[in-house]
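These notes concern the structure reproduced below.
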Amino acid sequence: MSIQLAIVVPCYNEQEVLPETNRRLLALLDRMAAADLITDASTVQYVDDGSRDATWLLIQQLSAQDQRVHGIKLSRNRGHQAALMAGLLTVPGDALVSIDADLQDDVNVIEAMVREFIAGHQVVYGVRESRAVDTFFKRRTALAYYSMLKRMGVDLVHNHADFRLMGRQAIEALRDYGEVNMFLRGVVPLIGFKATSVKYDRAERFAGISKYPLRKMLAFAIEGITSLSIVPLRLITVLGLVISALSFAMIVYVVYGALVLKAVVPGWASSVVPIYFLGGIQLLSLGIIGEYVAKIYLETKQRPRFIIEKTV
Ligand code: UDP
Ligand code: MG
């Protein structure tokens with residue numbers, strides 16, 4: 001049995017790596033076609049996420065050189081997840097694999113993914129065996145973040161990012177998830193179907209620099225929480241209850257001191273400290289609620305998830 005495969009590659013300013021990525025992906029398609037795993041209609045689909053460099057020019061050239069290569073140009077930079085959605089929701093194929101352009105994920109694992117799909121799995125996660133190439137900071141923060149998400153009841157596949165295969169059935173199910181701001185690695189496990197994972201070692205970025213500066217990483221992290229968990233809102237309620245209980249105890253203590261002990265010290269610190277403390281907690285709580293309100297605001301507009309300018 002052979003399937004029509006499409007490899008979806010989001011690209012933002014990736015002119016340095018694209019030629020090499022393309023070489024390796026086409027070699028892989030050749031190999032899999034020779035092994036009768038995929039049909040000749042299988043493709044590589046680059047999604048240009050509003051790059052400012054020569055990425056789109058390159059995609060057009062690569063596409064002219066080989067009929068298996070296609071490109072989707074978004075109208076502007078909308079971020080990694082939006083670029084992925086643009087590819088996943090518009091590209092034909094029995095199975096779609098999403099992979100970063102920078103060759104950090106091992107392209108040869110795609111063959112194992114396809115075999116798992118043929119064996120009956122609708123979703124195949126690429127799972128990193130080690131994060132040795134990531135910086136200490138990124139490794140620690142990622143680990144802490146994912147364990148926090150887990151405690152908030154979000155079911156994520158450990159050490160999996162956005163390198164995965166999805167079958168047509170899973171893709172069509174994904175289409176029904178209406179959120180405009182998509183957090184794919186959290187939503188895909190919610191879809192269900194038979195899933196499995198394949199392991200690989202994550203490499204260094206082949207060329208160019210990371211397109212995820214700290215600012216984007218933080219925004220993505222908040223997106224992940226507010227997309228999938230309402231635990232932060234509950235925590236505010238719990239915090240409110242605890243503080244109310246504490247202040248009630250405080251009142252009892254003050255009344256007892258005034259009426260029975262007749263020894264109330266006119267305290268400055270004891271009145272000023274709680275004011276600052278509670279002020280801080282209130283602002284933080286408002287901020288968390290604000291995050292969710294902002295999310296509701298953005299989602300109710302139902303703006304398009306991506307706008308395609310042209311395709312090749
Ligand atoms: N990317 C994108 N839009 C963006 C940022 C990144 O399409 O706004 C793509 C980028 O071209 C790459 C993938 O998302 O293919 C992952 O980005 P990167 O490798 O820079 O992230 P890192 O591996 O450093 O977390
Ligand atoms: Mg990368």
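Each chain in the structure tokens gets a letter, A, B and so on, in the order shown; residues start at 1 in every chain, and ligands are counted from 1 in the order they appear.
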Subject >> Test item: residues lying within 6 Å of ligand 1 with only C-alpha atoms and all ligand atoms, as an MDAnalysis selection string >> reply: chainID A and resid 10:12 14 49 77 79:80 83 100:102 210:212
Region 283-287 of chain A environment, 12 Å, only C-alpha atoms, sequence neighbours closer than 3 positions dropped, as a PDB file with C-alpha atoms, in the first residue's frame:
ATOM      1  CA  PRO A 232      -5.448  29.984  36.852  1.00  0.00           C
ATOM      2  CA  LEU A 233      -8.958  31.427  37.252  1.00  0.00           C
ATOM      3  CA  ARG A 234      -9.780  28.802  39.879  1.00  0.00           C
ATOM      4  CA  LEU A 235      -6.543  29.601  41.712  1.00  0.00           C
ATOM      5  CA  ILE A 236      -7.719  33.195  42.045  1.00  0.00           C
ATOM      6  CA  THR A 237     -10.905  31.968  43.707  1.00  0.00           C
ATOM      7  CA  VAL A 238      -8.924  29.753  46.054  1.00  0.00           C
ATOM      8  CA  LEU A 239      -6.555  32.615  46.847  1.00  0.00           C
ATOM      9  CA  GLY A 240      -9.535  34.865  47.570  1.00  0.00           C
ATOM     10  CA  TYR A 276       0.421  46.558  49.686  1.00  0.00           C
ATOM     11  CA  PHE A 277       0.131  42.804  49.778  1.00  0.00           C
ATOM     12  CA  LEU A 278      -3.543  42.716  48.889  1.00  0.00           C
ATOM     13  CA  GLY A 279      -3.055  45.434  46.282  1.00  0.00           C
ATOM     14  CA  GLY A 280      -0.466  43.267  44.576  1.00  0.00           C
ATOM     15  CA  GLY A 290      -7.735  40.124  31.862  1.00  0.00           C
ATOM     16  CA  GLU A 291      -5.755  37.503  29.922  1.00  0.00           C
ATOM     17  CA  TYR A 292      -8.864  35.376  29.568  1.00  0.00           C
ATOM     18  CA  VAL A 293     -11.119  38.320  28.750  1.00  0.00           C
ATOM     19  CA  ALA A 294      -8.637  39.340  26.065  1.00  0.00           C
TER      20      ALA A 294
END
Original post:
Do you know which residues are at most 10 Å from Thr196 (chain A) counting only C-alpha atoms, after dropping those on the same chain fewer than 5 positions away, and could you put them as a list of chain:residue names?
Top reply: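 Listed by chain and then number, they are A:Met113, A:Glu116, A:Phe117, A:Gly120, A:His121, A:Gln122, A:Val123, A:Val124, A:Tyr125, A:Gly126, A:Val127, A:Leu165.
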Write the residues of the preceding selection, restricted to N, CA, C and O atoms, as an mmCIF file, in the first residue's frame.
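To be explicit, this is the file written out as again-v4.cif:
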data_model
loop_
_atom_site.group_PDB
_atom_site.id
_atom_site.type_symbol
_atom_site.label_atom_id
_atom_site.label_comp_id
_atom_site.auth_asym_id
_atom_site.auth_seq_id
_atom_site.Cartn_x
_atom_site.Cartn_y
_atom_site.Cartn_z
ATOM 1 N N MET A 113 7.308 7.371 10.537
ATOM 2 C CA MET A 113 5.962 7.911 10.767
ATOM 3 C C MET A 113 4.980 7.359 9.741
ATOM 4 O O MET A 113 3.864 6.963 10.083
ATOM 5 N N GLU A 116 4.019 3.876 10.474
ATOM 6 C CA GLU A 116 3.040 3.804 11.573
ATOM 7 C C GLU A 116 1.645 4.189 11.073
ATOM 8 O O GLU A 116 0.642 3.619 11.505
ATOM 9 N N PHE A 117 1.591 5.163 10.146
ATOM 10 C CA PHE A 117 0.297 5.564 9.585
ATOM 11 C C PHE A 117 -0.311 4.409 8.794
ATOM 12 O O PHE A 117 -1.496 4.085 8.937
ATOM 13 N N GLY A 120 -1.982 1.909 10.696
ATOM 14 C CA GLY A 120 -3.287 2.219 11.270
ATOM 15 C C GLY A 120 -3.343 3.349 12.279
ATOM 16 O O GLY A 120 -4.365 3.556 12.930
ATOM 17 N N HIS A 121 -2.262 4.105 12.430
ATOM 18 C CA HIS A 121 -2.290 5.230 13.373
ATOM 19 C C HIS A 121 -2.659 6.525 12.647
ATOM 20 O O HIS A 121 -2.121 6.807 11.578
ATOM 21 N N GLN A 122 -3.579 7.291 13.237
ATOM 22 C CA GLN A 122 -3.975 8.559 12.624
ATOM 23 C C GLN A 122 -3.045 9.695 13.021
ATOM 24 O O GLN A 122 -2.918 10.679 12.311
ATOM 25 N N VAL A 123 -2.422 9.576 14.197
ATOM 26 C CA VAL A 123 -1.500 10.618 14.648
ATOM 27 C C VAL A 123 -0.195 9.962 15.082
ATOM 28 O O VAL A 123 -0.211 8.983 15.830
ATOM 29 N N VAL A 124 0.919 10.461 14.562
ATOM 30 C CA VAL A 124 2.226 9.950 14.986
ATOM 31 C C VAL A 124 3.065 11.129 15.454
ATOM 32 O O VAL A 124 3.374 12.038 14.677
ATOM 33 N N TYR A 125 3.416 11.138 16.760
ATOM 34 C CA TYR A 125 4.180 12.239 17.330
ATOM 35 C C TYR A 125 5.670 11.978 17.195
ATOM 36 O O TYR A 125 6.136 10.888 17.498
ATOM 37 N N GLY A 126 6.393 12.993 16.767
ATOM 38 C CA GLY A 126 7.854 12.927 16.825
ATOM 39 C C GLY A 126 8.289 13.358 18.216
ATOM 40 O O GLY A 126 7.965 14.464 18.643
ATOM 41 N N VAL A 127 8.989 12.484 18.902
ATOM 42 C CA VAL A 127 9.374 12.759 20.285
ATOM 43 C C VAL A 127 10.897 12.827 20.390
ATOM 44 O O VAL A 127 11.592 11.917 19.951
ATOM 45 N N LEU A 165 2.929 13.515 12.308
ATOM 46 C CA LEU A 165 2.132 13.106 11.148
ATOM 47 C C LEU A 165 0.674 13.066 11.570
ATOM 48 O O LEU A 165 0.344 12.609 12.664
#
**OP:** Identify which of the residues A:Arg205, A:His158, A:Arg151, A:His70 lies closest to Leu228 (chain A), counting only C-alpha atoms when measuring atom-to-atom distances.
**Re:**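 Closest to Leu228 (chain A) of all the choices is A:Arg151.
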